[in-house]
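To be precise, the following lines are upload12.txt, and they hold compact mmCIF, C-alpha atoms.
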# COMPACT_ATOMS: atom_id res chain seq x y z
CA MET A 7 16.22 27.51 -20.33
CA ALA A 8 16.01 31.01 -18.97
CA ILE A 9 18.15 31.86 -16.02
CA MET A 10 16.72 33.54 -12.96
CA ARG A 11 17.07 37.25 -12.35
CA VAL A 12 19.56 37.28 -9.51
CA ASN A 13 22.59 39.30 -8.54
CA PRO A 14 25.75 37.41 -9.40
CA THR A 15 27.19 37.43 -5.90
CA ARG A 16 28.75 34.78 -3.76
CA MET A 17 25.92 34.93 -1.30
CA GLU A 18 23.37 34.30 -4.04
CA LEU A 19 25.50 31.44 -5.33
CA LYS A 20 25.53 29.76 -1.95
CA ARG A 21 21.80 30.19 -1.60
CA LEU A 22 21.12 28.73 -5.05
CA LYS A 23 23.40 25.79 -4.43
CA ASN A 24 21.42 24.97 -1.31
CA ARG A 25 18.18 25.23 -3.22
CA LEU A 26 19.49 22.94 -5.92
CA LYS A 27 20.45 20.37 -3.32
CA THR A 28 16.97 20.51 -1.79
CA ALA A 29 15.30 20.30 -5.20
CA GLU A 30 17.33 17.25 -6.18
CA ARG A 31 16.61 15.52 -2.92
CA GLY A 32 12.91 16.36 -3.21
CA HIS A 33 12.84 15.09 -6.77
CA LYS A 34 14.29 11.76 -5.74
CA LEU A 35 11.87 11.41 -2.83
CA LEU A 36 8.84 12.30 -4.92
CA LYS A 37 9.89 9.87 -7.60
CA ASP A 38 10.16 7.09 -5.05
CA LYS A 39 6.78 8.07 -3.69
CA THR A 40 5.21 7.81 -7.14
CA ASP A 41 6.73 4.36 -7.62
CA GLU A 42 5.27 3.08 -4.39
CA MET A 43 1.91 4.75 -5.02
CA VAL A 44 1.66 3.13 -8.44
CA ARG A 45 2.41 -0.25 -6.90
CA GLN A 46 -0.34 0.22 -4.32
CA PHE A 47 -2.66 1.61 -6.97
CA ILE A 48 -2.28 -1.46 -9.16
CA ILE A 49 -3.20 -3.70 -6.23
CA TYR A 50 -6.29 -1.63 -5.51
CA ALA A 51 -7.27 -1.30 -9.17
CA ASN A 52 -7.06 -5.07 -9.65
CA ARG A 53 -9.13 -5.65 -6.56
CA ASN A 54 -11.60 -3.03 -7.71
CA ARG A 55 -11.98 -4.63 -11.11
CA ARG A 56 -12.38 -8.14 -9.73
CA LEU A 57 -14.90 -7.02 -7.14
CA ARG A 58 -16.89 -5.01 -9.62
CA LYS A 59 -17.08 -7.80 -12.16
CA GLU A 60 -18.23 -10.21 -9.50
CA LEU A 61 -20.71 -7.81 -8.03
CA GLU A 62 -22.19 -6.70 -11.32
CA ARG A 63 -22.95 -10.29 -12.17
CA GLU A 64 -24.36 -11.19 -8.76
CA LEU A 65 -26.26 -7.97 -8.27
CA GLY A 66 -27.72 -8.19 -11.74
CA ASP A 67 -28.98 -11.68 -10.98
CA ALA A 68 -30.32 -10.69 -7.59
CA MET A 69 -32.17 -7.73 -9.05
CA LYS A 70 -33.63 -9.87 -11.79
CA ASN A 71 -34.87 -12.35 -9.20
CA PHE A 72 -36.31 -9.52 -7.21
CA VAL A 73 -38.17 -8.13 -10.19
CA LEU A 74 -39.53 -11.59 -10.97
CA ALA A 75 -40.55 -12.11 -7.37
CA ARG A 76 -42.31 -8.80 -7.42
CA ALA A 77 -44.05 -9.59 -10.66
CA VAL A 78 -45.96 -12.53 -9.20
CA MET A 79 -47.34 -10.33 -6.46
CA SER A 80 -49.70 -7.47 -7.05
CA PRO A 81 -48.00 -4.06 -7.05
CA CYS A 82 -49.95 -2.98 -3.99
CA GLN A 83 -48.96 -6.07 -2.10
CA ALA A 84 -45.30 -5.68 -2.95
CA GLU A 85 -45.34 -2.03 -2.02
CA GLU A 86 -47.04 -2.78 1.24
CA ALA A 87 -44.58 -5.50 2.14
CA LEU A 88 -41.46 -3.49 1.43
CA VAL A 89 -42.26 0.11 2.08
CA TYR A 90 -41.37 0.05 5.76
CA PRO A 91 -37.99 -1.59 6.14
CA SER A 92 -37.41 -3.34 9.45
CA ARG A 93 -33.81 -2.30 9.68
CA THR A 94 -31.62 0.52 8.54
CA VAL A 95 -28.06 0.04 7.45
CA THR A 96 -25.59 2.25 9.23
CA LEU A 97 -21.90 2.44 8.54
CA ASP A 98 -18.82 2.74 10.59
CA CYS A 99 -16.52 5.14 8.81
CA ASP A 100 -12.97 6.05 9.44
CA LYS A 101 -10.09 7.45 7.46
CA LYS A 102 -6.92 5.58 6.85
CA SER A 103 -3.77 6.64 5.15
CA VAL A 104 -2.47 4.97 2.01
CA MET A 105 0.84 6.65 1.14
CA SER A 106 -0.41 9.69 3.10
CA VAL A 107 -3.53 9.92 0.98
CA MET A 108 -6.46 9.98 3.37
CA VAL A 109 -8.91 7.39 2.09
CA PRO A 110 -12.12 6.24 3.74
CA SER A 111 -12.41 2.92 5.45
CA ILE A 112 -16.03 1.86 5.63
CA LYS A 113 -17.57 -1.01 7.53
CA VAL A 114 -21.19 -2.00 7.96
CA SER A 115 -22.03 -1.58 11.61
CA GLY A 116 -25.78 -1.29 12.11
CA GLY A 117 -28.41 -3.33 10.39
CA ASP A 118 -29.61 -5.69 13.03
CA GLY A 119 -33.30 -6.32 13.39
CA ALA A 120 -35.42 -8.72 11.45
CA LEU A 121 -34.24 -9.44 7.93
CA TYR A 122 -37.70 -9.50 6.39
CA PRO A 123 -39.82 -6.40 6.83
CA TYR A 124 -43.08 -8.27 6.16
CA GLY A 125 -45.16 -11.10 7.42
CA PHE A 126 -44.76 -14.40 5.59
CA LEU A 127 -48.42 -14.72 4.79
CA SER A 128 -48.74 -12.45 1.81
CA VAL A 129 -45.24 -12.67 0.38
CA THR A 130 -43.83 -15.32 -1.88
CA ASP A 131 -40.87 -17.53 -1.26
CA GLU A 132 -38.94 -16.00 -4.15
CA MET A 133 -39.09 -12.61 -2.50
CA ASP A 134 -37.58 -14.06 0.68
CA SER A 135 -34.66 -15.59 -1.13
CA SER A 136 -33.96 -12.54 -3.27
CA ILE A 137 -33.90 -10.30 -0.22
CA ALA A 138 -31.60 -12.71 1.58
CA THR A 139 -29.22 -12.64 -1.41
CA LEU A 140 -29.30 -8.87 -1.54
CA ASN A 141 -28.51 -8.77 2.13
CA THR A 142 -25.39 -10.87 1.69
CA LEU A 143 -24.36 -8.63 -1.21
CA LEU A 144 -24.59 -5.59 1.02
CA VAL A 145 -21.21 -6.14 2.65
CA LYS A 146 -19.62 -6.61 -0.74
CA LEU A 147 -21.25 -3.46 -2.06
CA ILE A 148 -19.84 -1.43 0.77
CA GLU A 149 -16.43 -2.99 0.22
CA LEU A 150 -16.63 -2.04 -3.44
CA ALA A 151 -17.46 1.53 -2.47
CA GLU A 152 -14.41 1.68 -0.25
CA VAL A 153 -12.04 0.16 -2.80
CA GLU A 154 -13.39 2.27 -5.64
CA LYS A 155 -12.98 5.45 -3.64
CA THR A 156 -9.43 4.48 -2.73
CA THR A 157 -8.63 3.82 -6.37
CA ASN A 158 -10.07 7.17 -7.40
CA MET A 159 -8.16 9.11 -4.81
CA LEU A 160 -4.90 7.30 -5.44
CA ALA A 161 -5.22 7.93 -9.17
CA ASP A 162 -5.72 11.60 -8.48
CA GLU A 163 -2.76 11.79 -6.13
CA ILE A 164 -0.49 9.93 -8.53
CA GLU A 165 -1.36 12.40 -11.26
CA LYS A 166 -0.58 15.36 -9.02
CA ASN A 167 2.64 13.79 -7.86
CA LYS A 168 3.76 13.17 -11.43
CA ARG A 169 3.24 16.84 -12.21
CA ARG A 170 5.40 17.80 -9.27
CA VAL A 171 8.15 15.40 -10.31
CA ASN A 172 8.07 16.70 -13.87
CA ALA A 173 8.12 20.33 -12.79
CA LEU A 174 11.14 19.67 -10.63
CA GLU A 175 12.92 17.59 -13.22
CA HIS A 176 12.32 19.70 -16.30
CA VAL A 177 11.94 23.24 -14.99
CA MET A 178 13.26 23.87 -11.54
CA ILE A 179 16.46 21.83 -11.53
CA PRO A 180 17.74 22.90 -14.99
CA GLN A 181 16.94 26.51 -14.16
CA LEU A 182 18.88 26.37 -10.92
CA ARG A 183 21.83 24.66 -12.63
CA GLU A 184 22.00 27.29 -15.33
CA THR A 185 21.76 30.15 -12.91
CA ILE A 186 24.53 28.69 -10.80
CA LYS A 187 26.69 28.28 -13.89
CA TYR A 188 25.97 31.87 -14.89
CA ILE A 189 26.98 33.20 -11.47
CA VAL A 190 30.17 31.15 -11.40
CA LEU A 191 31.17 32.45 -14.85
CA LYS A 192 30.33 36.01 -13.90
CA LEU A 193 32.38 35.81 -10.71
CA GLU A 194 35.37 34.39 -12.59
CA GLU A 195 35.04 37.15 -15.14
CA ASN A 196 35.03 39.78 -12.38
CA GLU A 197 38.09 38.22 -10.82
CA ARG A 198 39.99 38.25 -14.11
CA GLY A 199 38.89 41.84 -14.63
CA SER A 200 40.23 43.01 -11.29
CA LEU A 201 43.47 41.05 -11.80
CA VAL A 202 44.09 42.73 -15.11
CA ARG A 203 43.33 46.11 -13.58
CA LEU A 204 45.81 45.52 -10.77
CA MET A 205 48.55 44.49 -13.24
CA LYS A 206 47.85 47.57 -15.30
CA VAL A 207 48.04 49.84 -12.24
CA LYS A 208 51.30 48.20 -11.19
CA ASP A 209 52.77 48.83 -14.66
CA MET A 210 51.67 52.47 -14.54
CA ILE A 211 53.30 53.01 -11.14
CA ALA A 212 56.52 51.36 -12.34
CA GLU A 213 56.61 53.60 -15.40
CA ARG A 214 56.22 56.78 -13.35
CA GLN A 215 59.17 56.01 -11.14
CA MET B 30 -20.02 11.84 11.10
CA TYR B 31 -20.61 9.99 7.87
CA ASN B 32 -22.60 6.84 8.43
CA ARG B 33 -25.54 6.66 6.04
CA VAL B 34 -26.04 4.73 2.83
CA GLY B 35 -28.22 6.09 0.06
CA VAL B 36 -29.41 4.76 -3.26
CA ILE B 37 -30.52 6.92 -6.17
CA GLY B 38 -32.32 5.22 -9.02
CA ASP B 39 -35.57 4.61 -10.78
CA GLY B 40 -38.46 3.27 -8.77
CA ASP B 41 -38.15 -0.27 -10.04
CA SER B 42 -34.50 -0.76 -9.28
CA ILE B 43 -34.36 0.76 -5.85
CA LEU B 44 -37.22 -0.98 -4.09
CA ALA B 45 -34.96 -3.98 -3.54
CA PHE B 46 -32.44 -1.82 -1.71
CA LYS B 47 -35.09 -0.35 0.42
CA ALA B 48 -35.97 -3.83 1.62
CA VAL B 49 -32.44 -4.37 2.97
CA GLY B 50 -32.51 -1.10 4.83
CA MET B 51 -30.78 1.50 2.68
CA GLU B 52 -32.28 4.93 2.26
CA VAL B 53 -33.65 5.27 -1.23
CA PHE B 54 -34.31 8.30 -3.39
CA ALA B 55 -36.40 7.81 -6.48
CA ALA B 56 -35.57 9.71 -9.63
CA ASP B 57 -37.37 9.49 -12.94
CA SER B 58 -34.84 11.38 -15.00
CA GLY B 59 -31.19 12.34 -15.11
CA GLU B 60 -32.00 15.86 -13.93
CA GLN B 61 -33.90 14.62 -10.94
CA ALA B 62 -31.02 12.31 -10.05
CA ARG B 63 -28.76 15.35 -10.34
CA GLU B 64 -30.86 17.25 -7.82
CA TRP B 65 -30.67 14.33 -5.41
CA LEU B 66 -26.92 14.00 -5.91
CA LYS B 67 -26.35 17.66 -5.11
CA GLU B 68 -28.62 17.54 -2.12
CA LEU B 69 -27.28 14.30 -0.66
CA SER B 70 -23.63 15.21 -1.15
CA LYS B 71 -24.13 17.94 1.42
CA GLN B 72 -25.52 15.53 3.99
CA ASP B 73 -23.70 12.89 5.98
CA PHE B 74 -23.84 10.08 3.47
CA ALA B 75 -20.75 7.92 3.39
CA VAL B 76 -21.79 5.87 0.39
CA LEU B 77 -24.18 6.75 -2.41
CA PHE B 78 -25.15 4.14 -4.94
CA ILE B 79 -26.52 5.42 -8.20
CA THR B 80 -27.82 3.40 -11.11
CA GLU B 81 -25.61 3.37 -14.16
CA GLN B 82 -27.74 5.35 -16.55
CA TYR B 83 -28.10 8.22 -14.06
CA ALA B 84 -24.41 8.06 -13.26
CA ALA B 85 -23.61 8.44 -16.94
CA ALA B 86 -25.97 11.42 -17.18
CA ASN B 87 -24.23 13.18 -14.28
CA GLU B 88 -20.65 12.35 -15.11
CA ASP B 89 -19.38 15.82 -14.15
CA LEU B 90 -20.73 15.66 -10.60
CA LEU B 91 -19.23 12.22 -10.13
CA GLN B 92 -15.86 13.42 -11.34
CA LYS B 93 -15.96 16.29 -8.90
CA ALA B 94 -16.76 14.00 -5.99
CA LYS B 95 -13.88 11.67 -6.79
CA THR B 96 -11.23 13.64 -4.97
CA LYS B 97 -13.06 13.92 -1.66
CA PRO B 98 -13.08 11.02 0.81
CA PHE B 99 -16.86 11.24 1.35
CA PRO B 100 -19.31 10.47 -0.10
CA ALA B 101 -18.16 7.53 -2.18
CA ILE B 102 -20.43 7.51 -5.20
CA VAL B 103 -20.66 4.11 -6.83
CA ALA B 104 -22.48 3.17 -10.00
CA ILE B 105 -24.53 -0.01 -9.79
CA PRO B 106 -26.26 -2.02 -12.50
CA THR B 107 -30.04 -2.06 -12.71
CA SER B 108 -32.39 -5.00 -12.95
CA ARG B 109 -31.86 -4.88 -16.71
CA GLY B 110 -28.21 -5.76 -16.27
CA SER B 111 -24.98 -3.85 -16.52
CA THR B 112 -24.01 -1.45 -19.29
CA GLY B 113 -20.31 -1.69 -18.48
CA TYR B 114 -20.21 1.88 -17.22
CA GLY B 115 -18.67 0.91 -13.88
CA LEU B 116 -15.81 -1.08 -15.35
CA GLU B 117 -15.18 1.69 -17.85
CA SER B 118 -14.68 4.17 -15.01
CA VAL B 119 -12.18 1.85 -13.33
CA ARG B 120 -10.33 1.63 -16.62
CA LYS B 121 -10.27 5.42 -16.88
CA ASP B 122 -8.73 5.66 -13.42
CA VAL B 123 -5.96 3.29 -14.43
CA GLU B 124 -5.29 5.32 -17.53
CA LYS B 125 -5.20 8.52 -15.54
CA ALA B 126 -2.75 7.20 -12.98
CA ILE B 127 -0.44 5.10 -15.10
CA GLY B 128 -0.83 6.76 -18.47
CA ALA B 129 -1.74 3.59 -20.31
CA ASP B 130 -4.29 0.89 -19.85
CA ILE B 131 -2.13 -1.97 -18.65
CA LEU B 132 -4.61 -3.95 -16.58
CA PHE B 133 -7.62 -4.32 -18.77
CA ASN B 134 -6.44 -5.34 -22.18
CA ARG B 135 -5.73 -8.87 -21.05
CA GLU B 136 -8.69 -11.12 -20.55
CA ASP B 137 -9.06 -13.45 -17.63

Show me, as structure tokens, the structure contained in the file I just sent.
Amino acid sequence: MAIMRVNPTRMELKRLKNRLKTAERGHKLLKDKTDEMVRQFIIYANRNRRLRKELERELGDAMKNFVLARAVMSPCQAEEALVYPSRTVTLDCDKKSVMSVMVPSIKVSGGDGALYPYGFLSVTDEMDSSIATLNTLLVKLIELAEVEKTTNMLADEIEKNKRRVNALEHVMIPQLRETIKYIVLKLEENERGSLVRLMKVKDMIAERQ
Amino acid sequence: MYNRVGVIGDGDSILAFKAVGMEVFAADSGEQAREWLKELSKQDFAVLFITEQYAAANEDLLQKAKTKPFPAIVAIPTSRGSTGYGLESVRKDVEKAIGADILFNRED
């Protein structure tokens, strides 16, 4: 490990020692942060996986039913019935902090109004039930979006944090240690040098008298 | 303020979402879905659902959007069922964060 280019002085030594202390403290804190983030991440990832499995099954079924329901109607009829929705979904979004990662928190807020955008005369019963199912899945879909986003962002943050920990552990801290050692050795060397010089001078003065 | 929900997909799959009140954007190809994605990411959509095959075609855009809080882009299966793309992306996240796939190799 290369040492830093610094002047081997006491002042520099003091400064580096302080930096080393900070780096070690930061390293410990970041490591603890990673541990906790991974714990949270695993909870979210499990939830994400469970939710997604559930939803993919249910949504797949609901869509199949919908396609079947649409198939028994004429395309024009189906289009006419569905093309003007009677409600629009709006969301209530906020940010929350998970281990100081700002993640979205999303709730369905709007969406009142009649469930079915059509009159019952021209539309089959299957269509009604498939739209009702889809409507109940809506909340779950939004929840999945929130959880998936949280998982994504946590994964990203954990990766970044790991880099920081590694940089501190394998680059910064060893470098600081070596530089400190170098300065200490250099200072001792200087001290010995001046001691020897003084002894020599003393001998020379004694000889002259 | 982010408060809208959008769905990008082929005409067949998205009509159902339109009926429950989401805003839908029809795309016939991966490129068209890409245009929509770019366009809608700039607007105030909080959640964008995109069908799996289009999500797979625009993987790079999805990756880029992952680090921002909004919009949350989520892949959904089509009426023909799921290709497993969504679960695969969850698995990738786990691998990225932990370094090994420790959650998915056990079956339950």

Determine, counting all atoms listed in the file, which protein, DNA and RNA residues have an atom within 9 Å of an atom of Asp39 in chain B; residues of the same chain fewer than 5 positions away are not included. Present the result as a PDB file with C-alpha atoms, in the coordinates of the input.
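Result saved to out.pdb:
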ATOM      1  CA  LEU B  44     -37.220  -0.980  -4.090  1.00  0.00           C
ATOM      2  CA  PHE B  54     -34.310   8.300  -3.390  1.00  0.00           C
ATOM      3  CA  ALA B  55     -36.400   7.810  -6.480  1.00  0.00           C
ATOM      4  CA  ALA B  56     -35.570   9.710  -9.630  1.00  0.00           C
ATOM      5  CA  ASP B  57     -37.370   9.490 -12.940  1.00  0.00           C
ATOM      6  CA  SER B  58     -34.840  11.380 -15.000  1.00  0.00           C
ATOM      7  CA  ALA B  62     -31.020  12.310 -10.050  1.00  0.00           C
ATOM      8  CA  THR B  80     -27.820   3.400 -11.110  1.00  0.00           C
ATOM      9  CA  TYR B  83     -28.100   8.220 -14.060  1.00  0.00           C
ATOM     10  CA  THR B 107     -30.040  -2.060 -12.710  1.00  0.00           C
TER      11      THR B 107
END

Report as a list in words the set of chain A residues whose atoms approach chain B to within 7 Å, with distances computed over all atoms listed in the file.
->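 So the contacting residues turn out to be Arg55, Glu62, Gly66, Met69, Lys70, Phe72, Leu88, Pro91, Arg93, Thr94, Val95, Thr96, Leu97, Asp98, Cys99, Val109, Pro110, Pro123, Ile137, Asn141, Ala151, Lys155, Asn158, Met159, Ala161, Asp162, Ile164 and Glu165 of chain A.
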
Please measure the separation of CA of Tyr50 in chain A and CA of Lys113 in chain A, giving the value in Å to one decimal.
->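 Those two atoms sit 17.3 Å apart.
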
Straight-line distance linking CA of Arg170 in chain A with CA of Glu42 in chain A, stated in Å to one decimal =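 CA of Arg170 in chain A sits 15.5 Å away from CA of Glu42 in chain A.
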
So how many Å separate CA of Met133 in chain A and CA of Ala84 in chain B, to one decimal?
->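 CA of Ala84 in chain B lies 27.5 Å from CA of Met133 in chain A.
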
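Distances to Gln61 in chain B were evaluated for B:Tyr114, B:Ala129, B:Ile37, B:Glu81 using all atoms listed in the file, and the minimum falls at B:Ile37.
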
With 6 Å of padding per side, what axis-aligned box (centre and edge lengths, Å, one decimal) covers all the listed atoms of range 162-174 of chain A? Give it as AutoDock Vina command-line options.
--center_x 2.7 --center_y 15.1 --center_z -10.0 --size_x 28.9 --size_y 22.4 --size_z 19.7

Local residues around (26.2, 39.0, -7.9), at most 12 Å away, using only C-alpha atoms, as a ChimeraX atom specification | /A:11-22,185-186,188-196

Hey, can you pull every residue with an atom no more than 10 Å from (-29.7, -13.6, -1.9), using only C-alpha atoms, and send it as a PyMOL selection string?
-> chain A and resi 64-65+67-69+71-72+132-144

Complete range 153-170 of chain A with N, CA and C atoms (output as a PDB file, in the frame of the given file).
ATOM      1  N   VAL A 153     -13.163   0.401  -1.893  1.00  0.00           N
ATOM      2  CA  VAL A 153     -12.040   0.160  -2.800  1.00  0.00           C
ATOM      3  C   VAL A 153     -12.074   1.129  -3.978  1.00  0.00           C
ATOM      4  N   GLU A 154     -13.287   1.390  -4.490  1.00  0.00           N
ATOM      5  CA  GLU A 154     -13.390   2.270  -5.640  1.00  0.00           C
ATOM      6  C   GLU A 154     -12.962   3.690  -5.278  1.00  0.00           C
ATOM      7  N   LYS A 155     -13.373   4.113  -4.094  1.00  0.00           N
ATOM      8  CA  LYS A 155     -12.980   5.450  -3.640  1.00  0.00           C
ATOM      9  C   LYS A 155     -11.460   5.540  -3.491  1.00  0.00           C
ATOM     10  N   THR A 156     -10.874   4.491  -2.900  1.00  0.00           N
ATOM     11  CA  THR A 156      -9.430   4.480  -2.730  1.00  0.00           C
ATOM     12  C   THR A 156      -8.722   4.560  -4.073  1.00  0.00           C
ATOM     13  N   THR A 157      -9.220   3.788  -5.036  1.00  0.00           N
ATOM     14  CA  THR A 157      -8.630   3.820  -6.370  1.00  0.00           C
ATOM     15  C   THR A 157      -8.709   5.210  -6.973  1.00  0.00           C
ATOM     16  N   ASN A 158      -9.887   5.819  -6.865  1.00  0.00           N
ATOM     17  CA  ASN A 158     -10.070   7.170  -7.400  1.00  0.00           C
ATOM     18  C   ASN A 158      -9.084   8.153  -6.806  1.00  0.00           C
ATOM     19  N   MET A 159      -8.982   8.105  -5.477  1.00  0.00           N
ATOM     20  CA  MET A 159      -8.160   9.110  -4.810  1.00  0.00           C
ATOM     21  C   MET A 159      -6.684   8.882  -5.070  1.00  0.00           C
ATOM     22  N   LEU A 160      -6.296   7.606  -5.128  1.00  0.00           N
ATOM     23  CA  LEU A 160      -4.900   7.300  -5.440  1.00  0.00           C
ATOM     24  C   LEU A 160      -4.551   7.765  -6.848  1.00  0.00           C
ATOM     25  N   ALA A 161      -5.463   7.514  -7.789  1.00  0.00           N
ATOM     26  CA  ALA A 161      -5.220   7.930  -9.170  1.00  0.00           C
ATOM     27  C   ALA A 161      -4.997   9.432  -9.241  1.00  0.00           C
ATOM     28  N   ASP A 162      -5.831  10.145  -8.507  1.00  0.00           N
ATOM     29  CA  ASP A 162      -5.720  11.600  -8.480  1.00  0.00           C
ATOM     30  C   ASP A 162      -4.376  12.041  -7.912  1.00  0.00           C
ATOM     31  N   GLU A 163      -4.001  11.409  -6.811  1.00  0.00           N
ATOM     32  CA  GLU A 163      -2.760  11.790  -6.130  1.00  0.00           C
ATOM     33  C   GLU A 163      -1.550  11.456  -6.989  1.00  0.00           C
ATOM     34  N   ILE A 164      -1.612  10.318  -7.673  1.00  0.00           N
ATOM     35  CA  ILE A 164      -0.490   9.930  -8.530  1.00  0.00           C
ATOM     36  C   ILE A 164      -0.306  10.964  -9.641  1.00  0.00           C
ATOM     37  N   GLU A 165      -1.436  11.401 -10.204  1.00  0.00           N
ATOM     38  CA  GLU A 165      -1.360  12.400 -11.260  1.00  0.00           C
ATOM     39  C   GLU A 165      -0.701  13.687 -10.765  1.00  0.00           C
ATOM     40  N   LYS A 166      -1.151  14.135  -9.602  1.00  0.00           N
ATOM     41  CA  LYS A 166      -0.580  15.360  -9.020  1.00  0.00           C
ATOM     42  C   LYS A 166       0.908  15.201  -8.788  1.00  0.00           C
ATOM     43  N   ASN A 167       1.253  14.045  -8.212  1.00  0.00           N
ATOM     44  CA  ASN A 167       2.640  13.790  -7.860  1.00  0.00           C
ATOM     45  C   ASN A 167       3.533  13.780  -9.095  1.00  0.00           C
ATOM     46  N   LYS A 168       2.982  13.215 -10.189  1.00  0.00           N
ATOM     47  CA  LYS A 168       3.760  13.170 -11.430  1.00  0.00           C
ATOM     48  C   LYS A 168       4.050  14.572 -11.930  1.00  0.00           C
ATOM     49  N   ARG A 169       3.043  15.446 -11.809  1.00  0.00           N
ATOM     50  CA  ARG A 169       3.240  16.840 -12.210  1.00  0.00           C
ATOM     51  C   ARG A 169       4.379  17.464 -11.434  1.00  0.00           C
ATOM     52  N   ARG A 170       4.349  17.220 -10.119  1.00  0.00           N
ATOM     53  CA  ARG A 170       5.400  17.800  -9.270  1.00  0.00           C
ATOM     54  C   ARG A 170       6.767  17.302  -9.698  1.00  0.00           C
TER      55      ARG A 170
END
